[in-house]
$ cat input.txt   # compact mmCIF, C-alpha atoms
# COMPACT_ATOMS: atom_id res chain seq x y z
CA MET I 1 -29.59 -226.69 33.66
CA CYS I 2 -29.45 -223.22 32.18
CA GLY I 3 -28.49 -219.90 33.66
CA ARG I 4 -30.08 -216.60 32.85
CA TYR I 5 -28.98 -213.05 33.35
CA ALA I 6 -29.81 -209.61 32.05
CA LEU I 7 -27.59 -206.63 31.43
CA PHE I 8 -29.15 -203.23 30.81
CA ALA I 9 -27.80 -199.81 29.92
CA GLU I 10 -29.04 -196.83 31.92
CA ASP I 11 -31.26 -195.57 29.07
CA GLU I 12 -32.92 -199.02 28.88
CA LEU I 13 -33.60 -198.93 32.63
CA THR I 14 -35.16 -195.50 32.24
CA GLU I 15 -37.44 -196.80 29.48
CA MET I 16 -38.47 -199.79 31.63
CA ARG I 17 -39.30 -197.45 34.52
CA GLU I 18 -41.48 -195.37 32.17
CA ILE I 19 -43.32 -198.50 30.98
CA LEU I 20 -43.96 -199.63 34.56
CA ALA I 21 -45.12 -196.13 35.51
CA GLU I 22 -47.65 -196.25 32.63
CA ILE I 23 -48.88 -199.66 33.85
CA ASN I 24 -49.31 -198.21 37.35
CA ARG I 25 -51.25 -195.22 35.98
CA ARG I 26 -53.49 -197.47 33.90
CA TYR I 27 -54.12 -200.26 36.42
CA GLY I 28 -53.18 -198.78 39.81
CA ASN I 29 -51.86 -200.99 42.60
CA ALA I 30 -53.92 -203.92 41.33
CA GLY I 31 -51.75 -204.04 38.20
CA ALA I 32 -48.52 -204.18 40.17
CA GLU I 33 -49.91 -206.95 42.39
CA GLN I 34 -51.01 -209.05 39.38
CA MET I 35 -47.80 -208.64 37.40
CA GLY I 36 -45.42 -211.60 37.21
CA ARG I 37 -41.85 -211.12 38.40
CA GLY I 38 -38.67 -213.03 37.84
CA GLU I 39 -39.24 -216.10 35.73
CA ILE I 40 -42.48 -215.73 33.77
CA PHE I 41 -44.82 -218.69 33.31
CA PRO I 42 -47.97 -219.15 31.20
CA THR I 43 -50.96 -217.48 32.90
CA ASN I 44 -48.75 -214.75 34.50
CA ARG I 45 -49.74 -211.19 33.67
CA LEU I 46 -46.97 -208.93 32.45
CA PRO I 47 -46.44 -205.57 30.76
CA VAL I 48 -46.64 -205.66 26.97
CA LEU I 49 -46.05 -202.77 24.59
CA ALA I 50 -48.78 -202.65 21.97
CA ALA I 51 -49.74 -200.23 19.21
CA PRO I 52 -53.37 -201.02 18.40
CA ARG I 53 -54.11 -197.41 17.40
CA ARG I 54 -50.67 -196.48 15.99
CA GLU I 55 -49.58 -195.05 19.32
CA ARG I 56 -47.61 -197.23 21.70
CA GLU I 57 -49.28 -198.06 24.98
CA ALA I 58 -48.31 -200.34 27.84
CA LEU I 59 -50.89 -203.00 28.64
CA LEU I 60 -50.97 -205.69 31.30
CA LEU I 61 -51.72 -208.95 29.47
CA LYS I 62 -51.87 -212.64 30.35
CA TRP I 63 -48.96 -214.69 28.99
CA GLY I 64 -50.01 -217.90 27.28
CA PHE I 65 -49.65 -220.20 24.35

$ encode --input "input.txt" --output "structure tokens"
Amino acid sequence: MCGRYALFAEDELTEMREILAEINRRYGNAGAEQMGRGEIFPTNRLPVLAAPRREREALLLKWGF
């Protein structure tokens, strides 16, 4: 059995809020409804930071192997 926890500084929480706000702008409520929460499993969709055109953007992608 393993335990998990996360500890974030206030500036990290602010950055996470900005990423989630970008996901909501890009995908609307459908994105929030599709996004995995808590423990993430293969096939869950989750926010991913990508830089395909040199500029960082938040995308909602399917987690998998």

$ atom_distance --input "input.txt" --atom1 "CA of Ala58 in chain I" --atom2 "CA of Ile23 in chain I"
6.1 Å

$ atom_distance --input "input.txt" --atom1 "CA of Gln34 in chain I" --atom2 "CA of Glu55 in chain I"
24.5 Å

$ closest_residue --input "input.txt" --among "I:Tyr27, I:Leu7, I:Trp63, I:Glu15" --to "Phe41 in chain I" --atoms "all atoms listed in the file"
I:Trp63

$ residues_around --input "input.txt" --residues "Leu46 in chain I" --least-positions-apart "6" --cutoff "9 Å" --atoms "all atoms listed in the file" --output "number ranges by chain"
I: 31, 34-37, 40, 59-63

$ atom_distance --input "input.txt" --atom1 "CA of Leu20 in chain I" --atom2 "CA of Pro47 in chain I"
7.5 Å

$ residues_around --input "input.txt" --residues "Ala6 in chain I" --least-positions-apart "5" --cutoff "12 Å" --atoms "only C-alpha atoms" --output "PyMOL selection string"
chain I and resi 12-13+38

$ closest_residue --input "input.txt" --among "I:Glu39, I:Leu49, I:Asn44, I:Asn29" --to "Met16 in chain I" --atoms "all atoms listed in the file"
I:Leu49

$ closest_residue --input "input.txt" --among "I:Thr43, I:Glu57, I:Ala51, I:Gly64" --to "Arg26 in chain I" --atoms "all atoms listed in the file"
I:Glu57

$ axis_aligned_box --input "input.txt" --around "range 15-32 of chain I" --padding-each-side "3 Å" --output "JSON"
{"center_x": -45.8, "center_y": -199.7, "center_z": 36.0, "size_x": 22.7, "size_y": 15.0, "size_z": 19.1}

$ decode --input "input.txt" --residues "range 19-63 of chain I" --atoms "N, CA and C atoms" --output "PDB file, in the first residue's frame"
ATOM      1  N   ILE I  19      -3.556  27.651 -15.546  1.00  0.00           N
ATOM      2  CA  ILE I  19      -3.607  26.550 -16.516  1.00  0.00           C
ATOM      3  C   ILE I  19      -5.040  26.055 -16.658  1.00  0.00           C
ATOM      4  N   LEU I  20      -5.731  25.861 -15.546  1.00  0.00           N
ATOM      5  CA  LEU I  20      -7.118  25.400 -15.602  1.00  0.00           C
ATOM      6  C   LEU I  20      -8.025  26.442 -16.244  1.00  0.00           C
ATOM      7  N   ALA I  21      -7.758  27.720 -16.016  1.00  0.00           N
ATOM      8  CA  ALA I  21      -8.541  28.778 -16.661  1.00  0.00           C
ATOM      9  C   ALA I  21      -8.338  28.731 -18.175  1.00  0.00           C
ATOM     10  N   GLU I  22      -7.114  28.467 -18.635  1.00  0.00           N
ATOM     11  CA  GLU I  22      -6.852  28.352 -20.077  1.00  0.00           C
ATOM     12  C   GLU I  22      -7.590  27.143 -20.669  1.00  0.00           C
ATOM     13  N   ILE I  23      -7.602  26.029 -19.938  1.00  0.00           N
ATOM     14  CA  ILE I  23      -8.362  24.846 -20.386  1.00  0.00           C
ATOM     15  C   ILE I  23      -9.841  25.197 -20.512  1.00  0.00           C
ATOM     16  N   ASN I  24     -10.389  25.906 -19.528  1.00  0.00           N
ATOM     17  CA  ASN I  24     -11.800  26.293 -19.579  1.00  0.00           C
ATOM     18  C   ASN I  24     -12.088  27.230 -20.737  1.00  0.00           C
ATOM     19  N   ARG I  25     -11.167  28.159 -21.039  1.00  0.00           N
ATOM     20  CA  ARG I  25     -11.358  29.045 -22.193  1.00  0.00           C
ATOM     21  C   ARG I  25     -11.342  28.257 -23.494  1.00  0.00           C
ATOM     22  N   ARG I  26     -10.422  27.308 -23.584  1.00  0.00           N
ATOM     23  CA  ARG I  26     -10.246  26.543 -24.820  1.00  0.00           C
ATOM     24  C   ARG I  26     -11.367  25.537 -25.051  1.00  0.00           C
ATOM     25  N   TYR I  27     -11.789  24.833 -23.983  1.00  0.00           N
ATOM     26  CA  TYR I  27     -12.733  23.730 -24.140  1.00  0.00           C
ATOM     27  C   TYR I  27     -14.105  23.993 -23.525  1.00  0.00           C
ATOM     28  N   GLY I  28     -14.266  25.061 -22.768  1.00  0.00           N
ATOM     29  CA  GLY I  28     -15.542  25.352 -22.119  1.00  0.00           C
ATOM     30  C   GLY I  28     -15.858  24.334 -21.032  1.00  0.00           C
ATOM     31  N   ASN I  29     -17.122  24.256 -20.662  1.00  0.00           N
ATOM     32  CA  ASN I  29     -17.537  23.329 -19.606  1.00  0.00           C
ATOM     33  C   ASN I  29     -17.296  21.872 -19.971  1.00  0.00           C
ATOM     34  N   ALA I  30     -17.314  21.561 -21.254  1.00  0.00           N
ATOM     35  CA  ALA I  30     -17.082  20.179 -21.683  1.00  0.00           C
ATOM     36  C   ALA I  30     -15.697  19.714 -21.253  1.00  0.00           C
ATOM     37  N   GLY I  31     -14.712  20.596 -21.306  1.00  0.00           N
ATOM     38  CA  GLY I  31     -13.355  20.246 -20.894  1.00  0.00           C
ATOM     39  C   GLY I  31     -13.288  19.906 -19.423  1.00  0.00           C
ATOM     40  N   ALA I  32     -13.922  20.714 -18.596  1.00  0.00           N
ATOM     41  CA  ALA I  32     -13.919  20.473 -17.152  1.00  0.00           C
ATOM     42  C   ALA I  32     -14.616  19.163 -16.821  1.00  0.00           C
ATOM     43  N   GLU I  33     -15.683  18.843 -17.541  1.00  0.00           N
ATOM     44  CA  GLU I  33     -16.426  17.609 -17.287  1.00  0.00           C
ATOM     45  C   GLU I  33     -15.631  16.373 -17.712  1.00  0.00           C
ATOM     46  N   GLN I  34     -14.786  16.502 -18.734  1.00  0.00           N
ATOM     47  CA  GLN I  34     -14.016  15.364 -19.244  1.00  0.00           C
ATOM     48  C   GLN I  34     -12.728  15.131 -18.470  1.00  0.00           C
ATOM     49  N   MET I  35     -12.274  16.136 -17.743  1.00  0.00           N
ATOM     50  CA  MET I  35     -10.970  16.079 -17.102  1.00  0.00           C
ATOM     51  C   MET I  35     -10.987  15.135 -15.901  1.00  0.00           C
ATOM     52  N   GLY I  36      -9.944  14.274 -15.829  1.00  0.00           N
ATOM     53  CA  GLY I  36      -9.798  13.388 -14.694  1.00  0.00           C
ATOM     54  C   GLY I  36      -9.440  14.163 -13.438  1.00  0.00           C
ATOM     55  N   ARG I  37      -9.837  13.631 -12.296  1.00  0.00           N
ATOM     56  CA  ARG I  37      -9.530  14.256 -11.013  1.00  0.00           C
ATOM     57  C   ARG I  37      -9.025  13.190 -10.060  1.00  0.00           C
ATOM     58  N   GLY I  38      -8.251  13.637  -9.099  1.00  0.00           N
ATOM     59  CA  GLY I  38      -7.737  12.685  -8.119  1.00  0.00           C
ATOM     60  C   GLY I  38      -6.703  11.777  -8.750  1.00  0.00           C
ATOM     61  N   GLU I  39      -6.850  10.493  -8.541  1.00  0.00           N
ATOM     62  CA  GLU I  39      -5.920   9.544  -9.138  1.00  0.00           C
ATOM     63  C   GLU I  39      -6.225   9.417 -10.629  1.00  0.00           C
ATOM     64  N   ILE I  40      -5.203   9.557 -11.447  1.00  0.00           N
ATOM     65  CA  ILE I  40      -5.378   9.541 -12.903  1.00  0.00           C
ATOM     66  C   ILE I  40      -5.054   8.151 -13.445  1.00  0.00           C
ATOM     67  N   PHE I  41      -5.922   7.665 -14.307  1.00  0.00           N
ATOM     68  CA  PHE I  41      -5.770   6.346 -14.923  1.00  0.00           C
ATOM     69  C   PHE I  41      -5.627   6.493 -16.437  1.00  0.00           C
ATOM     70  N   PRO I  42      -5.048   5.491 -17.109  1.00  0.00           N
ATOM     71  CA  PRO I  42      -5.021   5.530 -18.573  1.00  0.00           C
ATOM     72  C   PRO I  42      -6.439   5.720 -19.115  1.00  0.00           C
ATOM     73  N   THR I  43      -6.561   6.478 -20.137  1.00  0.00           N
ATOM     74  CA  THR I  43      -7.785   6.895 -20.832  1.00  0.00           C
ATOM     75  C   THR I  43      -8.417   8.135 -20.221  1.00  0.00           C
ATOM     76  N   ASN I  44      -7.999   8.584 -19.004  1.00  0.00           N
ATOM     77  CA  ASN I  44      -8.492   9.860 -18.471  1.00  0.00           C
ATOM     78  C   ASN I  44      -7.934  10.996 -19.306  1.00  0.00           C
ATOM     79  N   ARG I  45      -8.696  12.072 -19.408  1.00  0.00           N
ATOM     80  CA  ARG I  45      -8.208  13.288 -20.063  1.00  0.00           C
ATOM     81  C   ARG I  45      -7.744  14.235 -18.974  1.00  0.00           C
ATOM     82  N   LEU I  46      -6.606  14.904 -19.219  1.00  0.00           N
ATOM     83  CA  LEU I  46      -6.072  15.812 -18.223  1.00  0.00           C
ATOM     84  C   LEU I  46      -5.299  16.939 -18.888  1.00  0.00           C
ATOM     85  N   PRO I  47      -5.125  18.048 -18.150  1.00  0.00           N
ATOM     86  CA  PRO I  47      -4.406  19.184 -18.735  1.00  0.00           C
ATOM     87  C   PRO I  47      -2.923  18.874 -18.890  1.00  0.00           C
ATOM     88  N   VAL I  48      -2.398  19.235 -20.052  1.00  0.00           N
ATOM     89  CA  VAL I  48      -0.980  19.024 -20.370  1.00  0.00           C
ATOM     90  C   VAL I  48      -0.444  20.333 -20.938  1.00  0.00           C
ATOM     91  N   LEU I  49       0.718  20.746 -20.466  1.00  0.00           N
ATOM     92  CA  LEU I  49       1.360  21.926 -21.044  1.00  0.00           C
ATOM     93  C   LEU I  49       2.215  21.482 -22.217  1.00  0.00           C
ATOM     94  N   ALA I  50       1.988  22.083 -23.370  1.00  0.00           N
ATOM     95  CA  ALA I  50       2.724  21.722 -24.575  1.00  0.00           C
ATOM     96  C   ALA I  50       3.230  22.991 -25.239  1.00  0.00           C
ATOM     97  N   ALA I  51       4.266  22.849 -26.033  1.00  0.00           N
ATOM     98  CA  ALA I  51       4.826  23.988 -26.760  1.00  0.00           C
ATOM     99  C   ALA I  51       5.066  23.599 -28.212  1.00  0.00           C
ATOM    100  N   PRO I  52       4.002  23.240 -28.941  1.00  0.00           N
ATOM    101  CA  PRO I  52       4.202  22.811 -30.328  1.00  0.00           C
ATOM    102  C   PRO I  52       4.664  23.936 -31.255  1.00  0.00           C
ATOM    103  N   ARG I  53       4.342  25.167 -30.907  1.00  0.00           N
ATOM    104  CA  ARG I  53       4.737  26.309 -31.752  1.00  0.00           C
ATOM    105  C   ARG I  53       5.576  27.298 -30.953  1.00  0.00           C
ATOM    106  N   ARG I  54       6.424  26.782 -30.067  1.00  0.00           N
ATOM    107  CA  ARG I  54       7.337  27.572 -29.245  1.00  0.00           C
ATOM    108  C   ARG I  54       6.649  28.348 -28.133  1.00  0.00           C
ATOM    109  N   GLU I  55       5.346  28.452 -28.156  1.00  0.00           N
ATOM    110  CA  GLU I  55       4.649  29.158 -27.101  1.00  0.00           C
ATOM    111  C   GLU I  55       3.822  28.155 -26.309  1.00  0.00           C
ATOM    112  N   ARG I  56       3.962  28.193 -25.012  1.00  0.00           N
ATOM    113  CA  ARG I  56       3.275  27.229 -24.157  1.00  0.00           C
ATOM    114  C   ARG I  56       1.763  27.380 -24.269  1.00  0.00           C
ATOM    115  N   GLU I  57       1.078  26.255 -24.369  1.00  0.00           N
ATOM    116  CA  GLU I  57      -0.376  26.269 -24.337  1.00  0.00           C
ATOM    117  C   GLU I  57      -0.849  25.063 -23.534  1.00  0.00           C
ATOM    118  N   ALA I  58      -1.979  25.232 -22.886  1.00  0.00           N
ATOM    119  CA  ALA I  58      -2.576  24.151 -22.112  1.00  0.00           C
ATOM    120  C   ALA I  58      -3.559  23.391 -22.993  1.00  0.00           C
ATOM    121  N   LEU I  59      -3.368  22.094 -23.090  1.00  0.00           N
ATOM    122  CA  LEU I  59      -4.239  21.240 -23.896  1.00  0.00           C
ATOM    123  C   LEU I  59      -4.850  20.179 -23.005  1.00  0.00           C
ATOM    124  N   LEU I  60      -6.008  19.688 -23.376  1.00  0.00           N
ATOM    125  CA  LEU I  60      -6.640  18.591 -22.669  1.00  0.00           C
ATOM    126  C   LEU I  60      -6.399  17.328 -23.502  1.00  0.00           C
ATOM    127  N   LEU I  61      -5.564  16.426 -22.981  1.00  0.00           N
ATOM    128  CA  LEU I  61      -5.153  15.246 -23.724  1.00  0.00           C
ATOM    129  C   LEU I  61      -5.507  13.966 -22.985  1.00  0.00           C
ATOM    130  N   LYS I  62      -5.630  12.899 -23.731  1.00  0.00           N
ATOM    131  CA  LYS I  62      -5.922  11.579 -23.150  1.00  0.00           C
ATOM    132  C   LYS I  62      -4.639  10.942 -22.648  1.00  0.00           C
ATOM    133  N   TRP I  63      -4.639  10.498 -21.401  1.00  0.00           N
ATOM    134  CA  TRP I  63      -3.491   9.826 -20.792  1.00  0.00           C
ATOM    135  C   TRP I  63      -3.477   8.386 -21.278  1.00  0.00           C
TER     136      TRP I  63
END
